[in-house]
>>> print(open('upload37.cif').read())   # mmCIF, C-alpha atoms (C1' of nucleotides)
data_structure
loop_
_atom_site.label_atom_id
_atom_site.label_comp_id
_atom_site.auth_asym_id
_atom_site.auth_seq_id
_atom_site.Cartn_x
_atom_site.Cartn_y
_atom_site.Cartn_z
CA MET A 1 78.44 78.07 91.38
CA GLU A 2 79.24 74.47 90.71
CA TYR A 3 81.07 72.72 93.51
CA LYS A 4 81.19 69.31 95.12
CA LEU A 5 80.64 68.25 98.72
CA ILE A 6 82.52 65.23 100.01
CA GLU A 7 81.81 63.94 103.52
CA LYS A 8 84.89 62.64 105.26
CA ASP A 9 85.87 61.83 108.87
CA GLY A 10 82.83 63.60 110.29
CA GLY A 11 83.66 66.77 108.37
CA LEU A 12 83.19 68.04 104.86
CA ILE A 13 85.45 68.78 101.93
CA VAL A 14 84.23 71.40 99.50
CA LYS A 15 85.84 71.14 96.09
CA GLY A 16 85.71 73.67 93.28
CA LEU A 17 84.81 76.92 95.05
CA LYS A 18 85.59 79.98 92.99
CA ASP A 19 86.24 83.56 94.09
CA PHE A 20 86.64 82.32 97.65
CA ASN A 21 89.55 82.98 100.01
CA THR A 22 89.15 82.60 103.77
CA THR A 23 91.81 85.21 104.54
CA HIS A 24 90.20 87.77 102.24
CA ILE A 25 86.74 87.01 103.61
CA PHE A 26 87.53 87.21 107.32
CA GLU A 27 90.43 89.64 107.59
CA ASN A 28 88.66 92.65 106.16
CA GLY A 29 86.62 93.74 109.15
CA GLN A 30 83.16 92.61 108.11
CA SER A 31 82.82 90.04 110.87
CA PHE A 32 84.27 89.72 114.35
CA ARG A 33 83.53 86.17 115.48
CA TRP A 34 86.43 84.26 113.98
CA TYR A 35 89.74 83.02 115.28
CA LYS A 36 92.79 82.25 113.20
CA GLU A 37 94.31 78.94 114.28
CA GLU A 38 97.99 77.99 114.12
CA ASP A 39 97.48 75.93 110.96
CA GLY A 40 96.06 78.96 109.15
CA SER A 41 92.46 77.80 109.40
CA TYR A 42 89.61 79.96 110.69
CA THR A 43 87.22 78.90 113.43
CA VAL A 44 83.96 80.76 113.00
CA VAL A 45 80.87 81.25 115.18
CA ALA A 46 77.67 82.04 113.30
CA GLY A 47 74.04 81.00 113.37
CA GLY A 48 74.51 79.25 116.70
CA LYS A 49 77.13 76.98 115.14
CA VAL A 50 80.89 76.63 115.34
CA ALA A 51 82.85 75.54 112.27
CA ASN A 52 86.48 75.46 111.23
CA PHE A 53 87.58 76.22 107.68
CA LEU A 54 90.97 75.30 106.27
CA GLN A 55 91.65 76.28 102.69
CA ARG A 56 94.29 74.48 100.64
CA ASP A 57 94.44 75.15 96.90
CA ASP A 58 90.93 74.60 95.55
CA LEU A 59 89.82 72.55 98.55
CA LEU A 60 88.04 73.83 101.61
CA TYR A 61 88.17 71.51 104.61
CA ALA A 62 85.15 72.30 106.76
CA ASP A 63 85.32 70.75 110.22
CA ARG A 64 82.20 70.48 112.43
CA VAL A 65 80.09 70.81 109.29
CA ASN A 66 77.93 68.15 107.66
CA LYS A 67 76.18 68.28 104.32
CA LEU A 68 72.93 69.50 105.80
CA ASP A 69 74.63 72.31 107.78
CA TRP A 70 76.41 73.43 104.66
CA GLU A 71 73.31 73.46 102.50
CA LYS A 72 71.03 75.00 105.12
CA PHE A 73 73.40 77.57 106.54
CA TRP A 74 76.98 78.00 105.36
CA HIS A 75 76.16 78.14 101.64
CA ASN A 76 73.99 81.16 102.26
CA TYR A 77 76.32 82.66 104.90
CA PHE A 78 79.12 82.76 102.32
CA ASP A 79 76.79 84.25 99.69
CA LEU A 80 77.54 81.42 97.28
CA ASP A 81 74.56 82.09 95.01
CA ARG A 82 76.18 85.32 93.87
CA ASP A 83 78.57 85.41 90.92
CA TYR A 84 81.60 87.34 92.16
CA GLY A 85 83.44 86.53 88.93
CA GLU A 86 80.89 88.64 87.08
CA ILE A 87 81.08 91.43 89.68
CA LYS A 88 84.86 91.51 89.33
CA ARG A 89 84.69 91.53 85.53
CA ILE A 90 82.47 94.60 85.56
CA LEU A 91 84.47 96.45 88.22
CA SER A 92 87.76 95.60 86.47
CA LYS A 93 86.87 97.88 83.58
CA ASP A 94 88.23 100.52 85.93
CA PRO A 95 92.03 99.97 85.90
CA VAL A 96 92.41 101.18 89.48
CA MET A 97 89.78 98.68 90.67
CA GLU A 98 91.46 95.94 88.67
CA GLU A 99 94.58 96.45 90.76
CA ALA A 100 92.62 96.48 94.03
CA ILE A 101 90.74 93.32 93.06
CA ARG A 102 94.00 91.50 92.37
CA HIS A 103 94.87 91.88 96.04
CA GLY A 104 91.56 90.61 97.40
CA GLU A 105 90.23 88.38 94.66
CA GLY A 106 88.62 85.97 97.13
CA ILE A 107 86.54 88.51 99.05
CA ARG A 108 82.86 87.71 99.57
CA LEU A 109 80.24 89.66 101.51
CA LEU A 110 78.92 87.50 104.33
CA ARG A 111 75.20 87.29 105.07
CA GLN A 112 75.29 87.78 108.81
CA ASP A 113 72.61 87.98 111.47
CA PRO A 114 71.16 91.53 111.51
CA TYR A 115 70.94 92.00 115.29
CA GLU A 116 74.46 90.72 115.90
CA THR A 117 75.73 92.97 113.10
CA VAL A 118 73.95 96.03 114.51
CA ILE A 119 75.46 95.49 117.96
CA SER A 120 78.92 94.69 116.60
CA PHE A 121 79.12 97.82 114.47
CA ILE A 122 77.79 100.11 117.19
CA ILE A 123 80.72 98.80 119.23
CA SER A 124 83.04 99.45 116.28
CA ALA A 125 82.62 103.24 116.49
CA ASN A 126 85.92 104.93 117.34
CA ASN A 127 87.32 101.54 118.24
CA GLN A 128 89.89 98.95 117.18
CA ILE A 129 89.28 95.51 115.75
CA PRO A 130 90.96 93.47 118.55
CA ARG A 131 88.90 95.29 121.13
CA ILE A 132 85.67 94.97 119.14
CA LYS A 133 86.27 91.23 118.84
CA LYS A 134 86.86 90.93 122.57
CA ALA A 135 83.68 92.82 123.46
CA VAL A 136 81.52 90.70 121.13
CA GLU A 137 83.11 87.56 122.54
CA THR A 138 82.57 88.62 126.16
CA ILE A 139 78.92 89.47 125.50
CA SER A 140 78.43 86.03 123.95
CA THR A 141 80.23 84.20 126.75
CA ASP A 142 78.18 86.01 129.37
CA LEU A 143 74.73 85.93 127.77
CA GLY A 144 74.74 83.44 124.87
CA GLU A 145 74.14 79.68 124.80
CA TYR A 146 77.10 77.36 125.20
CA ILE A 147 77.84 75.59 121.90
CA CYS A 148 81.02 73.58 122.30
CA SER A 149 84.69 73.52 123.13
CA TYR A 150 87.03 73.44 120.13
CA LYS A 151 90.83 73.64 119.87
CA GLY A 152 91.09 74.84 123.45
CA ARG A 153 88.42 77.52 123.33
CA GLU A 154 84.81 77.58 124.50
CA TYR A 155 82.19 78.94 122.17
CA HIS A 156 78.83 80.60 122.82
CA SER A 157 76.17 81.89 120.46
CA PHE A 158 75.42 85.58 120.20
CA PRO A 159 72.56 86.28 122.65
CA GLU A 160 68.96 87.23 121.91
CA PRO A 161 68.18 90.98 122.19
CA VAL A 162 66.21 90.59 125.45
CA LYS A 163 69.34 89.41 127.26
CA LEU A 164 71.23 92.66 126.67
CA ALA A 165 68.07 94.70 127.14
CA ASN A 166 67.77 93.35 130.68
CA LYS A 167 71.24 94.48 131.77
CA THR A 168 71.97 97.91 133.19
CA PRO A 169 74.18 100.31 131.21
CA GLU A 170 76.66 100.24 134.11
CA TYR A 171 76.91 96.46 133.90
CA ILE A 172 77.30 96.53 130.11
CA LYS A 173 79.99 99.16 130.35
CA GLU A 174 81.97 97.55 133.14
CA VAL A 175 81.76 93.89 132.13
CA TYR A 176 82.05 94.20 128.35
CA ARG A 177 84.40 97.22 128.36
CA VAL A 178 82.42 99.12 125.73
CA GLY A 179 82.61 102.56 127.36
CA PHE A 180 80.19 105.21 126.13
CA ARG A 181 78.55 102.70 123.77
CA ALA A 182 76.87 100.83 126.65
CA GLU A 183 73.69 102.93 126.75
CA ARG A 184 73.31 102.57 122.98
CA LEU A 185 73.62 98.78 123.11
CA LYS A 186 70.96 98.53 125.80
CA GLU A 187 68.51 100.88 124.08
CA VAL A 188 68.85 99.24 120.66
CA SER A 189 68.45 95.79 122.21
CA ARG A 190 65.40 96.99 124.12
CA ARG A 191 63.73 98.36 120.98
CA VAL A 192 64.38 95.15 119.06
CA ALA A 193 63.35 92.90 121.96
CA TYR A 194 60.04 94.70 122.50
CA GLY A 195 59.14 94.98 118.84
CA GLU A 196 59.58 98.74 118.65
CA PHE A 197 62.10 98.22 115.90
CA ASP A 198 61.58 95.41 113.39
CA LEU A 199 64.85 94.34 111.80
CA ASN A 200 62.89 92.37 109.17
CA LEU A 201 61.41 95.56 107.74
CA VAL A 202 64.89 96.80 106.83
CA ASN A 203 65.22 93.89 104.46
CA ASP A 204 62.14 94.87 102.46
CA ALA A 205 62.96 98.58 102.26
CA ASP A 206 64.99 100.10 99.44
CA LEU A 207 68.47 101.34 100.23
CA GLY A 208 67.58 104.92 101.14
CA GLU A 209 64.64 103.94 103.36
CA ALA A 210 66.63 101.16 104.99
CA ARG A 211 69.43 103.58 105.84
CA GLN A 212 66.99 106.08 107.36
CA MET A 213 65.35 103.34 109.42
CA LEU A 214 68.63 102.11 110.84
CA MET A 215 69.82 105.64 111.60
CA THR A 216 66.90 106.13 113.99
CA LEU A 217 68.78 103.75 116.30
CA PRO A 218 71.17 105.40 118.80
CA GLY A 219 74.77 104.74 117.85
CA VAL A 220 73.92 104.14 114.20
CA GLY A 221 75.14 106.90 111.88
CA PRO A 222 75.84 106.85 108.13
CA LYS A 223 78.91 104.64 108.30
CA VAL A 224 77.56 102.06 110.73
CA SER A 225 74.23 101.85 108.89
CA ASP A 226 75.97 101.15 105.59
CA CYS A 227 78.07 98.44 107.24
CA ILE A 228 74.91 96.77 108.56
CA LEU A 229 73.23 96.99 105.14
CA LEU A 230 76.27 95.49 103.44
CA PHE A 231 77.30 92.82 105.95
CA ALA A 232 73.87 91.62 107.10
CA TYR A 233 71.35 92.52 104.41
CA SER A 234 73.40 92.08 101.22
CA LYS A 235 72.48 95.57 100.04
CA GLY A 236 75.35 95.71 97.57
CA ARG A 237 74.94 99.37 96.77
CA ALA A 238 75.70 100.51 100.34
CA PHE A 239 79.06 102.27 100.53
CA PRO A 240 80.44 102.68 104.07
CA VAL A 241 82.96 105.52 104.24
CA ASP A 242 85.42 105.14 107.09
CA VAL A 243 88.89 106.60 107.54
CA TRP A 244 90.47 103.93 105.32
CA VAL A 245 88.00 104.35 102.48
CA LYS A 246 88.35 108.11 102.79
CA ARG A 247 92.12 107.80 102.48
CA ILE A 248 92.11 105.46 99.53
CA MET A 249 89.32 107.22 97.64
CA GLU A 250 91.20 110.49 98.00
CA HIS A 251 94.45 108.80 97.03
CA LEU A 252 93.09 107.00 93.96
CA TYR A 253 90.14 109.05 92.72
CA LEU A 254 89.24 112.30 94.44
CA GLY A 255 92.35 114.13 95.58
CA LYS A 256 92.91 115.15 99.19
CA ASP A 257 90.43 116.92 101.45
CA ALA A 258 87.38 115.63 99.60
CA LYS A 259 84.08 116.73 101.11
CA LYS A 260 82.16 114.23 103.16
CA LYS A 261 79.24 114.36 100.76
CA THR A 262 81.50 113.85 97.74
CA LEU A 263 83.02 110.83 99.45
CA GLU A 264 79.68 109.28 100.35
CA GLY A 265 78.35 109.81 96.83
CA SER A 266 81.49 108.63 95.09
CA GLY A 267 80.63 104.93 95.44
CA ASP A 268 77.37 105.38 93.58
CA GLU A 269 78.96 107.71 91.07
CA LEU A 270 81.86 105.42 90.18
CA PHE A 271 80.55 101.92 90.79
CA GLY A 272 76.72 102.15 90.73
CA ASP A 273 74.95 99.18 92.27
CA LEU A 274 78.28 97.42 92.83
CA ALA A 275 79.55 100.16 95.17
CA GLY A 276 79.58 97.93 98.24
CA TYR A 277 81.66 95.24 96.57
CA ALA A 278 84.05 97.89 95.27
CA GLN A 279 84.32 99.24 98.81
CA GLN A 280 85.45 95.85 100.08
CA TYR A 281 88.20 95.45 97.48
CA LEU A 282 89.37 99.02 98.13
CA PHE A 283 89.29 98.59 101.90
CA TYR A 284 91.34 95.40 101.78
CA TYR A 285 93.79 97.01 99.35
CA ALA A 286 94.17 100.14 101.49
CA ARG A 287 94.73 98.16 104.69
CA GLU A 288 97.16 95.75 103.08
CA ASN A 289 99.28 98.56 101.65
CA GLY A 290 98.87 101.05 104.48
CA ILE A 291 97.80 103.70 102.02
CA GLY A 292 97.47 107.16 103.49
CA LYS A 293 99.18 106.40 106.80
"C1'" DG B 1 69.59 122.41 105.72
"C1'" DT B 2 75.10 121.79 106.16
"C1'" DC B 3 79.45 121.94 108.48
"C1'" DC B 4 82.56 121.56 112.24
"C1'" DA B 5 84.56 121.13 117.08
"C1'" DG B 6 84.63 118.79 121.17
"C1'" DG B 7 83.57 114.95 124.03
"C1'" DC B 8 83.07 110.20 124.76
"C1'" DT B 9 85.64 104.98 127.24
"C1'" DT B 10 89.22 101.99 126.77
"C1'" DT B 11 92.80 99.53 124.54
"C1'" DC B 12 96.46 98.85 121.46
"C1'" DC B 13 100.53 100.18 118.79
"C1'" DG C 1 100.81 109.37 124.17
"C1'" DG C 2 98.06 109.24 120.07
"C1'" DA C 3 94.91 106.92 117.33
"C1'" DA C 4 91.17 103.88 116.77
"C1'" DA C 5 85.74 100.48 110.24
"C1'" DG C 6 82.18 107.11 114.55
"C1'" DC C 7 78.19 109.12 116.82
"C1'" DC C 8 75.94 112.84 119.31
"C1'" DT C 9 75.30 117.52 120.67
"C1'" DG C 10 75.53 122.33 120.19
"C1'" DG C 11 76.57 126.40 117.69
"C1'" DA C 12 77.78 128.95 113.44
#
>>> encode(input="upload37.cif", output="structure tokens")
Amino acid sequence: MEYKLIEKDGGLIVKGLKDFNTTHIFENGQSFRWYKEEDGSYTVVAGGKVANFLQRDDLLYADRVNKLDWEKFWHNYFDLDRDYGEIKRILSKDPVMEEAIRHGEGIRLLRQDPYETVISFIISANNQIPRIKKAVETISTDLGEYICSYKGREYHSFPEPVKLANKTPEYIKEVYRVGFRAERLKEVSRRVAYGEFDLNLVNDADLGEARQMLMTLPGVGPKVSDCILLFAYSKGRAFPVDVWVKRIMEHLYLGKDAKKKTLEGSGDELFGDLAGYAQQYLFYYARENGIGK
DNA sequence: GTCCAGGCTTTCC
DNA sequence: GGAAAGCCTGGA
């Protein structure tokens, strides 16, 4: 993608981004470490950095970001080497998808840290987004490194695995309010910290192998594993089926009471290697319209 | 092997 | 009170 970077007042202005909308990117449940400010901008914690993004027309005002940060980190984080225009053109051959895409035309799949994504989505099981966000924030405040204070809030990085591995399940449960997920968080962190599970190997595996590897971790089932593959590893064929995707796939394509296996295979069947992108447009569309409620 | 019920913590609507 | 971007266990 062709775009320009203009340094100004210690921040950065990005001009000419396409297929990019901060609301669509952040408010679709793929990441949990963002805060919407009163001016409509988003303050984001990722990669040990804090940045604020305000989008106005075709300009993105990036505060606490310099050219080097953008090129070394945020460009990749926002998946800017991928042509979402082309993805949308292909998916739009399906008239139902065309409608869904119109509602979330600026969605992009973030390239997030694998360990943070694993922990976040184990917490997400049978849970609600505000509470997931709070748990991830509390873990970071308690165990992560202090980064800065910005617009009245203090920010900390997401901690290394060993930090969570060294806490007792009782502590994790009581301090972070994660309930029955506490034991899972500790065990997964322990395996990663002591090299029993290598998150780098997931990257090299094909989709089926990667899914099987992740599902050996406690708290990681089919849905959570596909979220991790999509939101951390850019495996665009992963197709997480949650209650919302179930509802909208039944509503738009499959009819009610579709079998679990039919649902999980429907992404591949209908959208092939773009299933994960299709899932994001459908999810945003379903949530926005309250389909199936 | 597949399917399903019940349980799990706590918060939010 | 019921539901919540589910997973795990046990039993059919």
>>> resolve_selection(input="upload37.cif", expression="the PyMOL selection byres ((chain B and resi 3) around 9)", output="list in words")
DT2 and DC4 of chain B; DA12 of chain C
>>> residues_near_point(input="upload37.cif", point="(82.5, 108.6, 122.8)", cutoff="12 Å", atoms="all atoms listed in the file", output="list in words")
Ile122, Ile123, Ser124, Ala125, Asn126, Asn127, Val178, Gly179, Phe180, Arg181, Ala182, Glu183, Arg184 and Gly219 of chain A; DG6, DG7, DC8, DT9 and DT10 of chain B; DA4, DG6, DC7, DC8 and DT9 of chain C
>>> residues_around(input="upload37.cif", residues="Ile13 in chain A", least_positions_apart="2", cutoff="9 Å", atoms="only C-alpha atoms (C1' of nucleotides)", output="PyMOL selection string")
chain A and resi 4-8+11+15+59-63
>>> atom_distance(input="upload37.cif", atom1="CA of Ile129 in chain A", atom2="CA of Glu116 in chain A")
15.6 Å
>>> atom_distance(input="upload37.cif", atom1="CA of Arg111 in chain A", atom2="CA of Tyr77 in chain A")
4.8 Å
>>> residues_near_point(input="upload37.cif", point="(63.4, 102.2, 116.3)", cutoff="7 Å", atoms="all atoms listed in the file", output="VMD selection string")
chain A and resid 191 196 to 197 216 to 217
>>> resolve_selection(input="upload37.cif", expression="the PyMOL selection byres ((chain C and resi 1) around 12)", output="PyMOL selection string")
(chain B and resi 12-13) or (chain C and resi 2-3)
>>> closest_residue(input="upload37.cif", among="A:Thr22, A:Asn166, A:Gln30, A:Ser234", to="Val188 in chain A", atoms="all atoms listed in the file")
A:Asn166
>>> resolve_selection(input="upload37.cif", expression="the PyMOL selection byres ((chain A and resi 235) around 9)", output="list of chain:residue names")
A:Asn203, A:Asp206, A:Leu207, A:Asp226, A:Ile228, A:Leu229, A:Leu230, A:Phe231, A:Ala232, A:Tyr233, A:Ser234, A:Gly236, A:Arg237, A:Ala238, A:Asp273, A:Gly276
>>> atom_distance(input="upload37.cif", atom1="CA of Leu263 in chain A", atom2="C1' of DA5 in chain C")
15.2 Å
>>> residues_around(input="upload37.cif", residues="Arg108 in chain A", least_positions_apart="4", cutoff="10 Å", atoms="all atoms listed in the file", output="ChimeraX atom specification")
/A:19-22,24-26,30,77-80,82-84,104,231,277,280-281
>>> residues_around(input="upload37.cif", residues="range 244-260 of chain A", least_positions_apart="3", cutoff="9 Å", atoms="all atoms listed in the file", output="PyMOL selection string")
(chain A and resi 96+240-241+263-266+279+282-283+285-287+290-293) or (chain C and resi 5)
